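coords.pdb, holding PDB, C-alpha atoms:
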```pdb
ATOM      1  CA  MET A   5       4.953 -20.189  -7.787  1.00  0.00           C
ATOM      2  CA  THR A   6       4.147 -23.531  -9.358  1.00  0.00           C
ATOM      3  CA  GLY A   7       0.917 -24.912 -10.674  1.00  0.00           C
ATOM      4  CA  GLN A   8      -0.778 -26.700 -13.492  1.00  0.00           C
ATOM      5  CA  ARG A   9      -1.010 -25.087 -16.881  1.00  0.00           C
ATOM      6  CA  SER A  10      -4.321 -23.301 -17.164  1.00  0.00           C
ATOM      7  CA  SER A  11      -6.118 -21.019 -19.594  1.00  0.00           C
ATOM      8  CA  VAL A  12      -7.951 -17.739 -19.496  1.00  0.00           C
ATOM      9  CA  HIS A  13     -11.749 -17.700 -19.687  1.00  0.00           C
ATOM     10  CA  LEU A  14     -14.009 -14.823 -20.687  1.00  0.00           C
ATOM     11  CA  PHE A  15     -16.879 -14.422 -18.221  1.00  0.00           C
ATOM     12  CA  HIS A  16     -19.494 -13.762 -20.899  1.00  0.00           C
ATOM     13  CA  GLU A  17     -18.650 -16.954 -22.791  1.00  0.00           C
ATOM     14  CA  LEU A  18     -19.279 -19.235 -19.801  1.00  0.00           C
ATOM     15  CA  THR A  19     -22.511 -20.698 -18.424  1.00  0.00           C
ATOM     16  CA  ARG A  20     -23.713 -20.090 -14.890  1.00  0.00           C
ATOM     17  CA  ASP A  21     -22.519 -23.575 -13.938  1.00  0.00           C
ATOM     18  CA  ASP A  22     -19.109 -22.956 -15.529  1.00  0.00           C
ATOM     19  CA  LEU A  23     -18.788 -19.751 -13.523  1.00  0.00           C
ATOM     20  CA  ARG A  24     -19.803 -21.427 -10.286  1.00  0.00           C
ATOM     21  CA  VAL A  25     -17.022 -23.973 -10.768  1.00  0.00           C
ATOM     22  CA  ALA A  26     -14.473 -21.367 -11.895  1.00  0.00           C
ATOM     23  CA  SER A  27     -15.204 -19.075  -8.954  1.00  0.00           C
ATOM     24  CA  VAL A  28     -13.802 -21.599  -6.486  1.00  0.00           C
ATOM     25  CA  SER A  29     -10.194 -21.135  -7.607  1.00  0.00           C
ATOM     26  CA  ALA A  30     -10.004 -18.490 -10.330  1.00  0.00           C
ATOM     27  CA  LEU A  31      -8.830 -14.921  -9.973  1.00  0.00           C
ATOM     28  CA  LEU A  32     -11.298 -12.612 -11.702  1.00  0.00           C
ATOM     29  CA  ILE A  33     -10.067  -9.459 -13.408  1.00  0.00           C
ATOM     30  CA  LEU A  34     -12.549  -6.642 -14.058  1.00  0.00           C
ATOM     31  CA  PRO A  35     -11.323  -4.068 -16.603  1.00  0.00           C
ATOM     32  CA  ILE A  36     -12.900  -0.628 -16.190  1.00  0.00           C
ATOM     33  CA  ALA A  37     -12.640   2.106 -18.782  1.00  0.00           C
ATOM     34  CA  ALA A  38     -14.359   5.176 -20.226  1.00  0.00           C
ATOM     35  CA  VAL A  39     -15.940   6.517 -23.384  1.00  0.00           C
ATOM     36  CA  GLU A  40     -14.801  10.121 -23.619  1.00  0.00           C
ATOM     37  CA  GLN A  41     -13.237  12.650 -25.944  1.00  0.00           C
ATOM     38  CA  HIS A  42      -9.557  12.088 -26.694  1.00  0.00           C
ATOM     39  CA  GLY A  43      -8.683  15.230 -28.598  1.00  0.00           C
ATOM     40  CA  PRO A  44      -9.234  15.642 -32.348  1.00  0.00           C
ATOM     41  CA  HIS A  45      -7.138  12.597 -33.220  1.00  0.00           C
ATOM     42  CA  LEU A  46      -7.992   9.589 -31.027  1.00  0.00           C
ATOM     43  CA  PRO A  47     -11.268   7.629 -30.852  1.00  0.00           C
ATOM     44  CA  VAL A  48     -13.512   8.207 -27.868  1.00  0.00           C
ATOM     45  CA  GLY A  49     -13.113   4.527 -26.964  1.00  0.00           C
ATOM     46  CA  ALA A  50      -9.327   4.746 -26.532  1.00  0.00           C
ATOM     47  CA  ASP A  51      -9.349   3.964 -22.795  1.00  0.00           C
ATOM     48  CA  TRP A  52     -11.632   0.999 -23.365  1.00  0.00           C
ATOM     49  CA  ILE A  53      -9.549  -0.371 -26.263  1.00  0.00           C
ATOM     50  CA  ILE A  54      -6.284  -0.082 -24.326  1.00  0.00           C
ATOM     51  CA  VAL A  55      -7.357  -1.491 -20.964  1.00  0.00           C
ATOM     52  CA  GLU A  56      -9.298  -4.378 -22.504  1.00  0.00           C
ATOM     53  CA  TYR A  57      -6.229  -5.382 -24.507  1.00  0.00           C
ATOM     54  CA  VAL A  58      -3.973  -5.144 -21.453  1.00  0.00           C
ATOM     55  CA  ALA A  59      -6.398  -7.080 -19.220  1.00  0.00           C
ATOM     56  CA  ARG A  60      -6.896  -9.930 -21.672  1.00  0.00           C
ATOM     57  CA  ALA A  61      -3.227 -10.182 -22.645  1.00  0.00           C
ATOM     58  CA  ALA A  62      -2.033 -10.141 -19.029  1.00  0.00           C
ATOM     59  CA  ALA A  63      -4.725 -12.623 -17.977  1.00  0.00           C
ATOM     60  CA  ALA A  64      -3.707 -14.965 -20.808  1.00  0.00           C
ATOM     61  CA  ALA A  65      -0.076 -14.808 -19.670  1.00  0.00           C
ATOM     62  CA  ALA A  66      -0.948 -15.285 -15.991  1.00  0.00           C
ATOM     63  CA  ALA A  67      -3.249 -18.184 -16.905  1.00  0.00           C
ATOM     64  CA  GLN A  68      -0.218 -20.268 -17.777  1.00  0.00           C
ATOM     65  CA  ARG A  69       0.195 -20.569 -14.009  1.00  0.00           C
ATOM     66  CA  ILE A  70      -3.135 -19.762 -12.357  1.00  0.00           C
ATOM     67  CA  PRO A  71      -6.812 -19.994 -13.366  1.00  0.00           C
ATOM     68  CA  MET A  72      -8.107 -16.654 -14.654  1.00  0.00           C
ATOM     69  CA  VAL A  73     -11.516 -15.265 -15.605  1.00  0.00           C
ATOM     70  CA  VAL A  74     -11.857 -11.900 -17.377  1.00  0.00           C
ATOM     71  CA  ALA A  75     -15.119 -10.047 -16.754  1.00  0.00           C
ATOM     72  CA  PRO A  76     -16.663  -7.908 -19.502  1.00  0.00           C
ATOM     73  CA  THR A  77     -15.024  -4.490 -19.661  1.00  0.00           C
ATOM     74  CA  LEU A  78     -17.086  -1.764 -18.034  1.00  0.00           C
ATOM     75  CA  LEU A  79     -17.059   0.644 -20.964  1.00  0.00           C
ATOM     76  CA  PHE A  80     -18.289   3.816 -19.303  1.00  0.00           C
ATOM     77  CA  GLY A  81     -16.560   5.668 -16.500  1.00  0.00           C
ATOM     78  CA  SER A  82     -16.636   8.873 -14.489  1.00  0.00           C
ATOM     79  CA  SER A  83     -15.775  11.502 -17.125  1.00  0.00           C
ATOM     80  CA  ASP A  84     -17.830  14.600 -16.337  1.00  0.00           C
ATOM     81  CA  HIS A  85     -14.750  16.785 -16.904  1.00  0.00           C
ATOM     82  CA  HIS A  86     -14.894  15.874 -20.613  1.00  0.00           C
ATOM     83  CA  LEU A  87     -18.608  16.531 -21.141  1.00  0.00           C
ATOM     84  CA  PRO A  88     -18.091  20.076 -22.511  1.00  0.00           C
ATOM     85  CA  PHE A  89     -16.387  18.602 -25.593  1.00  0.00           C
ATOM     86  CA  GLY A  90     -19.081  16.114 -26.530  1.00  0.00           C
ATOM     87  CA  GLY A  91     -18.102  12.596 -27.547  1.00  0.00           C
ATOM     88  CA  THR A  92     -18.369  11.551 -23.894  1.00  0.00           C
ATOM     89  CA  ILE A  93     -20.704   9.201 -22.011  1.00  0.00           C
ATOM     90  CA  SER A  94     -20.215   9.659 -18.281  1.00  0.00           C
ATOM     91  CA  PHE A  95     -21.507   8.591 -14.890  1.00  0.00           C
ATOM     92  CA  SER A  96     -21.350  11.094 -12.054  1.00  0.00           C
ATOM     93  CA  THR A  97     -19.082  10.274  -9.119  1.00  0.00           C
ATOM     94  CA  THR A  98     -21.805   8.945  -6.845  1.00  0.00           C
ATOM     95  CA  VAL A  99     -23.530   6.972  -9.600  1.00  0.00           C
ATOM     96  CA  TYR A 100     -20.253   5.407 -10.740  1.00  0.00           C
ATOM     97  CA  TYR A 101     -19.394   4.446  -7.179  1.00  0.00           C
ATOM     98  CA  GLN A 102     -22.741   2.677  -6.806  1.00  0.00           C
ATOM     99  CA  LEU A 103     -22.393   1.058 -10.220  1.00  0.00           C
ATOM    100  CA  LEU A 104     -19.075  -0.521  -9.242  1.00  0.00           C
ATOM    101  CA  VAL A 105     -20.529  -1.557  -5.888  1.00  0.00           C
ATOM    102  CA  ASP A 106     -23.383  -3.334  -7.665  1.00  0.00           C
ATOM    103  CA  ILE A 107     -21.046  -5.047 -10.141  1.00  0.00           C
ATOM    104  CA  VAL A 108     -18.736  -6.306  -7.399  1.00  0.00           C
ATOM    105  CA  THR A 109     -21.750  -7.433  -5.364  1.00  0.00           C
ATOM    106  CA  SER A 110     -23.047  -9.337  -8.399  1.00  0.00           C
ATOM    107  CA  LEU A 111     -19.683 -11.015  -8.959  1.00  0.00           C
ATOM    108  CA  SER A 112     -19.589 -11.964  -5.301  1.00  0.00           C
ATOM    109  CA  ALA A 113     -23.048 -13.534  -5.692  1.00  0.00           C
ATOM    110  CA  CYS A 114     -21.567 -15.588  -8.563  1.00  0.00           C
ATOM    111  CA  GLY A 115     -19.172 -17.049  -6.012  1.00  0.00           C
ATOM    112  CA  PHE A 116     -15.982 -15.117  -6.790  1.00  0.00           C
ATOM    113  CA  ARG A 117     -13.968 -14.281  -3.695  1.00  0.00           C
ATOM    114  CA  ARG A 118     -10.826 -12.871  -5.337  1.00  0.00           C
ATOM    115  CA  MET A 119     -11.134  -9.965  -7.775  1.00  0.00           C
ATOM    116  CA  PHE A 120      -8.824  -7.401  -9.324  1.00  0.00           C
ATOM    117  CA  MET A 121     -10.157  -4.183 -10.857  1.00  0.00           C
ATOM    118  CA  LEU A 122      -7.827  -2.967 -13.610  1.00  0.00           C
ATOM    119  CA  ASN A 123      -8.446   0.658 -14.498  1.00  0.00           C
ATOM    120  CA  GLY A 124      -7.813   2.425 -17.802  1.00  0.00           C
ATOM    121  CA  HIS A 125      -9.150   5.939 -17.063  1.00  0.00           C
ATOM    122  CA  GLY A 126      -7.776   8.458 -14.579  1.00  0.00           C
ATOM    123  CA  GLY A 127     -11.191   9.719 -13.505  1.00  0.00           C
ATOM    124  CA  ASN A 128     -12.102   6.274 -12.185  1.00  0.00           C
ATOM    125  CA  GLN A 129      -9.076   5.802  -9.980  1.00  0.00           C
ATOM    126  CA  GLU A 130     -10.140   7.216  -6.622  1.00  0.00           C
ATOM    127  CA  ILE A 131     -13.688   5.877  -6.935  1.00  0.00           C
ATOM    128  CA  MET A 132     -12.439   2.378  -7.716  1.00  0.00           C
ATOM    129  CA  GLN A 133     -10.164   2.428  -4.667  1.00  0.00           C
ATOM    130  CA  LEU A 134     -13.051   3.432  -2.391  1.00  0.00           C
ATOM    131  CA  VAL A 135     -15.178   0.634  -3.815  1.00  0.00           C
ATOM    132  CA  ALA A 136     -12.417  -1.909  -3.134  1.00  0.00           C
ATOM    133  CA  ARG A 137     -12.141  -0.719   0.453  1.00  0.00           C
ATOM    134  CA  ASP A 138     -15.881  -0.752   1.101  1.00  0.00           C
ATOM    135  CA  MET A 139     -16.593  -4.054  -0.639  1.00  0.00           C
ATOM    136  CA  ALA A 140     -13.970  -5.881   1.421  1.00  0.00           C
ATOM    137  CA  LEU A 141     -15.786  -4.621   4.515  1.00  0.00           C
ATOM    138  CA  ARG A 142     -19.206  -5.806   3.329  1.00  0.00           C
ATOM    139  CA  HIS A 143     -18.376  -9.102   1.609  1.00  0.00           C
ATOM    140  CA  PRO A 144     -15.935 -11.993   2.192  1.00  0.00           C
ATOM    141  CA  LEU A 145     -13.667 -10.736  -0.592  1.00  0.00           C
ATOM    142  CA  ARG A 146     -10.040 -10.091  -1.326  1.00  0.00           C
ATOM    143  CA  ILE A 147     -10.107  -7.353  -3.902  1.00  0.00           C
ATOM    144  CA  GLY A 148      -7.391  -5.370  -5.608  1.00  0.00           C
ATOM    145  CA  ALA A 149      -7.638  -2.129  -7.578  1.00  0.00           C
ATOM    146  CA  ALA A 150      -5.015  -0.375  -9.701  1.00  0.00           C
ATOM    147  CA  SER A 151      -4.540   1.572 -12.922  1.00  0.00           C
ATOM    148  CA  TYR A 152      -2.362  -0.157 -15.485  1.00  0.00           C
ATOM    149  CA  TRP A 153       0.047   2.781 -15.782  1.00  0.00           C
ATOM    150  CA  GLU A 154       0.628   2.821 -12.033  1.00  0.00           C
ATOM    151  CA  ILE A 155       1.423  -0.892 -12.020  1.00  0.00           C
ATOM    152  CA  ALA A 156       3.856  -0.405 -14.904  1.00  0.00           C
ATOM    153  CA  ARG A 157       5.220   3.021 -13.901  1.00  0.00           C
ATOM    154  CA  ALA A 158       8.751   1.890 -12.975  1.00  0.00           C
ATOM    155  CA  ARG A 159       9.112  -0.074 -16.207  1.00  0.00           C
ATOM    156  CA  LEU A 160       7.735   2.772 -18.294  1.00  0.00           C
ATOM    157  CA  ILE A 161      10.119   5.247 -16.681  1.00  0.00           C
ATOM    158  CA  ALA A 162      12.982   2.861 -17.459  1.00  0.00           C
ATOM    159  CA  LEU A 163      11.843   3.076 -21.100  1.00  0.00           C
ATOM    160  CA  ARG A 164      11.817   6.907 -20.859  1.00  0.00           C
ATOM    161  CA  ALA A 165       8.089   7.001 -21.478  1.00  0.00           C
ATOM    162  CA  HIS A 166       7.961  10.137 -19.316  1.00  0.00           C
ATOM    163  CA  HIS A 167      10.447  12.084 -21.452  1.00  0.00           C
ATOM    164  CA  GLY A 168       8.861  14.938 -23.380  1.00  0.00           C
ATOM    165  CA  GLN A 169       5.339  13.882 -22.459  1.00  0.00           C
ATOM    166  CA  ARG A 170       3.061  13.235 -19.529  1.00  0.00           C
ATOM    167  CA  LEU A 171       2.769   9.722 -18.139  1.00  0.00           C
ATOM    168  CA  PRO A 172       0.042   8.749 -18.736  1.00  0.00           C
ATOM    169  CA  GLY A 173      -1.365  12.149 -19.724  1.00  0.00           C
ATOM    170  CA  HIS A 174      -4.551  12.279 -21.758  1.00  0.00           C
ATOM    171  CA  ALA A 175      -4.546  11.801 -25.536  1.00  0.00           C
ATOM    172  CA  GLY A 176      -0.933  12.989 -25.547  1.00  0.00           C
ATOM    173  CA  GLY A 177       2.199  11.255 -26.745  1.00  0.00           C
ATOM    174  CA  PHE A 178       1.827   8.209 -24.499  1.00  0.00           C
ATOM    175  CA  GLU A 179      -1.782   7.262 -25.260  1.00  0.00           C
ATOM    176  CA  SER A 180      -1.348   8.184 -28.926  1.00  0.00           C
ATOM    177  CA  ALA A 181       1.578   5.771 -29.154  1.00  0.00           C
ATOM    178  CA  LEU A 182      -0.499   2.991 -27.568  1.00  0.00           C
ATOM    179  CA  MET A 183      -3.316   3.552 -30.060  1.00  0.00           C
ATOM    180  CA  LEU A 184      -0.919   3.665 -33.025  1.00  0.00           C
ATOM    181  CA  ALA A 185       0.307   0.243 -31.921  1.00  0.00           C
ATOM    182  CA  LEU A 186      -3.143  -1.230 -31.226  1.00  0.00           C
ATOM    183  CA  ARG A 187      -5.573   0.345 -33.697  1.00  0.00           C
ATOM    184  CA  PRO A 188      -3.715   2.635 -36.114  1.00  0.00           C
ATOM    185  CA  GLU A 189      -6.709   2.785 -38.459  1.00  0.00           C
ATOM    186  CA  LEU A 190      -8.643   4.677 -35.761  1.00  0.00           C
ATOM    187  CA  VAL A 191      -6.008   7.389 -35.283  1.00  0.00           C
ATOM    188  CA  ARG A 192      -6.601  10.598 -37.249  1.00  0.00           C
ATOM    189  CA  LEU A 193      -3.498  11.960 -38.983  1.00  0.00           C
ATOM    190  CA  PRO A 194      -1.682  14.237 -38.876  1.00  0.00           C
ATOM    191  CA  LEU A 195      -1.388  14.133 -35.114  1.00  0.00           C
ATOM    192  CA  PRO A 196      -1.751  17.547 -33.466  1.00  0.00           C
ATOM    193  CA  SER A 197       1.511  19.139 -32.437  1.00  0.00           C
ATOM    194  CA  ARG A 198       2.117  21.242 -29.356  1.00  0.00           C
ATOM    195  CA  ALA A 199       5.245  22.542 -27.698  1.00  0.00           C
ATOM    196  CA  TRP A 200       5.453  21.030 -24.227  1.00  0.00           C
ATOM    197  CA  THR A 201       7.954  22.190 -21.642  1.00  0.00           C
ATOM    198  CA  GLY A 202       7.105  19.885 -18.767  1.00  0.00           C
ATOM    199  CA  GLU A 203       9.705  18.086 -16.684  1.00  0.00           C
ATOM    200  CA  ASN A 204      11.387  15.005 -18.110  1.00  0.00           C
ATOM    201  CA  GLU A 205      11.932  13.354 -14.742  1.00  0.00           C
ATOM    202  CA  PRO A 206       9.319  11.654 -12.554  1.00  0.00           C
ATOM    203  CA  LEU A 207       7.923  14.169 -10.109  1.00  0.00           C
ATOM    204  CA  ALA A 208       7.314  13.605  -6.425  1.00  0.00           C
ATOM    205  CA  ALA A 209       3.708  13.565  -5.297  1.00  0.00           C
ATOM    206  CA  ASP A 210       2.226  17.040  -4.961  1.00  0.00           C
ATOM    207  CA  PRO A 211       1.533  18.162  -1.373  1.00  0.00           C
ATOM    208  CA  PHE A 212      -2.051  19.003  -2.364  1.00  0.00           C
ATOM    209  CA  ARG A 213      -4.492  18.380  -5.192  1.00  0.00           C
ATOM    210  CA  LEU A 214      -5.331  21.302  -7.448  1.00  0.00           C
ATOM    211  CA  GLU A 215      -8.363  21.365  -9.729  1.00  0.00           C
ATOM    212  CA  THR A 216      -9.034  24.405 -11.945  1.00  0.00           C
ATOM    213  CA  HIS A 217     -12.361  25.219 -13.594  1.00  0.00           C
ATOM    214  CA  GLY A 218     -11.987  25.249 -17.389  1.00  0.00           C
ATOM    215  CA  PHE A 219      -8.601  23.475 -17.358  1.00  0.00           C
ATOM    216  CA  TRP A 220      -9.473  20.869 -19.990  1.00  0.00           C
ATOM    217  CA  GLN A 221     -11.005  23.409 -22.353  1.00  0.00           C
ATOM    218  CA  ALA A 222      -7.858  25.523 -22.057  1.00  0.00           C
ATOM    219  CA  ILE A 223      -5.698  22.670 -23.360  1.00  0.00           C
ATOM    220  CA  ASP A 224      -8.224  21.560 -26.013  1.00  0.00           C
ATOM    221  CA  GLY A 225      -8.790  18.239 -24.279  1.00  0.00           C
ATOM    222  CA  TYR A 226      -5.352  16.690 -24.731  1.00  0.00           C
ATOM    223  CA  SER A 227      -2.069  16.913 -22.853  1.00  0.00           C
ATOM    224  CA  ASP A 228       1.539  17.379 -24.029  1.00  0.00           C
ATOM    225  CA  ASN A 229       2.467  16.579 -27.656  1.00  0.00           C
ATOM    226  CA  PRO A 230       0.731  13.765 -29.552  1.00  0.00           C
ATOM    227  CA  ALA A 231       2.828  14.427 -32.670  1.00  0.00           C
ATOM    228  CA  GLN A 232       5.860  12.684 -31.190  1.00  0.00           C
ATOM    229  CA  ALA A 233       4.021   9.356 -30.794  1.00  0.00           C
ATOM    230  CA  THR A 234       5.135   6.319 -32.807  1.00  0.00           C
ATOM    231  CA  ALA A 235       3.740   2.829 -33.170  1.00  0.00           C
ATOM    232  CA  ALA A 236       7.158   1.395 -32.281  1.00  0.00           C
ATOM    233  CA  ASP A 237       7.123   3.217 -28.948  1.00  0.00           C
ATOM    234  CA  GLY A 238       3.549   2.097 -28.391  1.00  0.00           C
ATOM    235  CA  ARG A 239       4.432  -1.558 -28.904  1.00  0.00           C
ATOM    236  CA  MET A 240       7.369  -1.205 -26.509  1.00  0.00           C
ATOM    237  CA  TYR A 241       5.142   0.436 -23.880  1.00  0.00           C
ATOM    238  CA  LEU A 242       2.427  -2.207 -24.297  1.00  0.00           C
ATOM    239  CA  ASP A 243       4.874  -5.073 -23.847  1.00  0.00           C
ATOM    240  CA  ALA A 244       6.124  -3.497 -20.617  1.00  0.00           C
ATOM    241  CA  ILE A 245       2.597  -2.826 -19.357  1.00  0.00           C
ATOM    242  CA  VAL A 246       1.323  -6.338 -20.056  1.00  0.00           C
ATOM    243  CA  ASP A 247       4.377  -7.883 -18.413  1.00  0.00           C
ATOM    244  CA  ALA A 248       4.012  -5.678 -15.323  1.00  0.00           C
ATOM    245  CA  VAL A 249       0.285  -6.379 -14.989  1.00  0.00           C
ATOM    246  CA  THR A 250       0.903 -10.115 -15.438  1.00  0.00           C
ATOM    247  CA  HIS A 251       3.380 -10.078 -12.555  1.00  0.00           C
ATOM    248  CA  ALA A 252       0.949  -8.042 -10.446  1.00  0.00           C
ATOM    249  CA  LEU A 253      -1.797 -10.626 -11.013  1.00  0.00           C
ATOM    250  CA  LEU A 254       0.531 -13.469 -10.054  1.00  0.00           C
ATOM    251  CA  GLU A 255       1.621 -11.610  -6.933  1.00  0.00           C
ATOM    252  CA  PHE A 256      -1.991 -10.861  -6.027  1.00  0.00           C
ATOM    253  CA  ASP A 257      -2.800 -14.545  -6.453  1.00  0.00           C
ATOM    254  CA  THR A 258       0.041 -15.505  -4.137  1.00  0.00           C
ATOM    255  CA  VAL A 259      -0.964 -13.166  -1.300  1.00  0.00           C
ATOM    256  CA  THR A 260      -4.706 -13.881  -1.518  1.00  0.00           C
ATOM    257  CA  ARG A 261      -4.764 -17.675  -1.514  1.00  0.00           C
TER     258      ARG A 261
END
```
structure tokens encoding of this file:
Amino acid sequence: MTGQRSSVHLFHELTRDDLRVASVSALLILPIAAVEQHGPHLPVGADWIIVEYVARAAAAAAAQRIPMVVAPTLLFGSSDHHLPFGGTISFSTTVYYQLLVDIVTSLSACGFRRMFMLNGHGGNQEIMQLVARDMALRHPLRIGAASYWEIARARLIALRAHHGQRLPGHAGGFESALMLALRPELVRLPLPSRAWTGENEPLAADPFRLETHGFWQAIDGYSDNPAQATAADGRMYLDAIVDAVTHALLEFDTVTR
């Protein structure tokens, strides 16, 4: 793809007239996150910190080739499964669905016709996908929706990010490594240690979904073994994620013009 050199713009720093002009050609990325407990060692804003960094870094890279606008990160997500721990601000499933519908409707009213929701919290994933489907039926939109770890999964597996830990897991080795790379001053040391005997190879999709009452309490709110996380691994993972998301944005731009 060829094009003039451009730059990334933050939605909240523009005027209404700036946004009206930008909406004609720009791809808008909407990062969505969560504020929820992340074990005894990570800040409750971990999902927000990670996805906002990825969205802005990938948008800045993509903006060398296409016009990009980054919407304000939606901080809160659907996290009712973490409420028993405290440290969590959550919307219920139906409320979060309607919240995303209203945000996308508002962005459409601003004139944007191409949007990409980039997710940083597992509990948002299915809801976000339903919103994308329904909004494309109601409005003249081309809208994408994906979690950053799904976009980058092949690259992360090539880096062995699934070895000895869940990918992405929750507050385990993977997310702990990302936070050590991004905001080490917010990570509480020593990291908790837990023996984890899960598979080291990517697993095929399960034939059914299983949810168990009390599951998160039983594992103290974090998966696998945070103690193995390093900042060096986190930087390596982040580089791969940003590169993968950048390419996804460029591909989305190509197929939606």
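When all atoms listed in the file are used to measure the gap to Ala64 in chain A, the shortest distance among A:Leu31, A:Ala113, A:Val135, A:Arg24 belongs to A:Leu31.
Among the candidates A:Val246, A:Ile93, A:Ile223, A:Leu141, the residue lying nearest to His174 in chain A is A:Ile223 (atoms considered: all atoms listed in the file).
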Starting from the displayed file, determine the output of the PyMOL selection byres ((chain A and resi 69-80) around 8) and express the residue list as a VMD selection string. chain A and resid 5 to 16 26 29 to 39 52 56 59 to 60 63 to 64 66 to 68 81 to 82 93 to 95 254 257
What does the distance between CA of Gly176 in chain A and CA of Ala236 in chain A come to in Å, to one decimal place? 15.7 Å
Find the residues around range 183-199 of chain A up to 7 Å (only C-alpha atoms counted), leave out those fewer than 5 positions away in its own chain, and share them as a short mmCIF file (atom, residue, chain, number, x, y, z; two decimals) with C-alpha atoms, in the coordinates of the input.
```cif
data_model
loop_
_atom_site.label_atom_id
_atom_site.label_comp_id
_atom_site.auth_asym_id
_atom_site.auth_seq_id
_atom_site.Cartn_x
_atom_site.Cartn_y
_atom_site.Cartn_z
CA HIS A 45 -7.14 12.60 -33.22
CA LEU A 46 -7.99 9.59 -31.03
CA PRO A 47 -11.27 7.63 -30.85
CA ASP A 228 1.54 17.38 -24.03
CA ASN A 229 2.47 16.58 -27.66
CA PRO A 230 0.73 13.76 -29.55
CA ALA A 231 2.83 14.43 -32.67
CA THR A 234 5.14 6.32 -32.81
CA ALA A 235 3.74 2.83 -33.17
CA ALA A 236 7.16 1.40 -32.28
CA GLY A 238 3.55 2.10 -28.39
CA ARG A 239 4.43 -1.56 -28.90
#
```
Within 12 Å of Arg159 in chain A, counting only C-alpha atoms, which residues qualify if same-chain residues fewer than 5 places away don't, as a PyMOL selection string? chain A and resi 152-154+164-166+171+240-249
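You will find CA of Arg20 in chain A at 23.6 Å from CA of Arg142 in chain A.
CA of Val108 in chain A sits 20.4 Å away from CA of Val58 in chain A.
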Mind telling me what the PyMOL selection byres ((chain A and resi 89) around 10) catches here, as a ChimeraX atom specification? /A:40-43,85-88,90-92,220-221,224-225
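Nearest to Ser180 in chain A of all the residues A:Ala149, A:Ala233, A:Leu214, A:Leu163 is A:Ala233, counting only C-alpha atoms.
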Would you translate the PyMOL selection byres ((chain A and resi 137-140) around 10) into the concrete set of residues it matches in this file, as an MDAnalysis selection string? chainID A and resid 104:106 108:109 112 117 132:136 141:149
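Checking A:Gln102, A:Ile53, A:Arg118, A:Ala158 one by one against Val259 in chain A, counting all atoms listed in the file, you find the shortest gap at A:Arg118.
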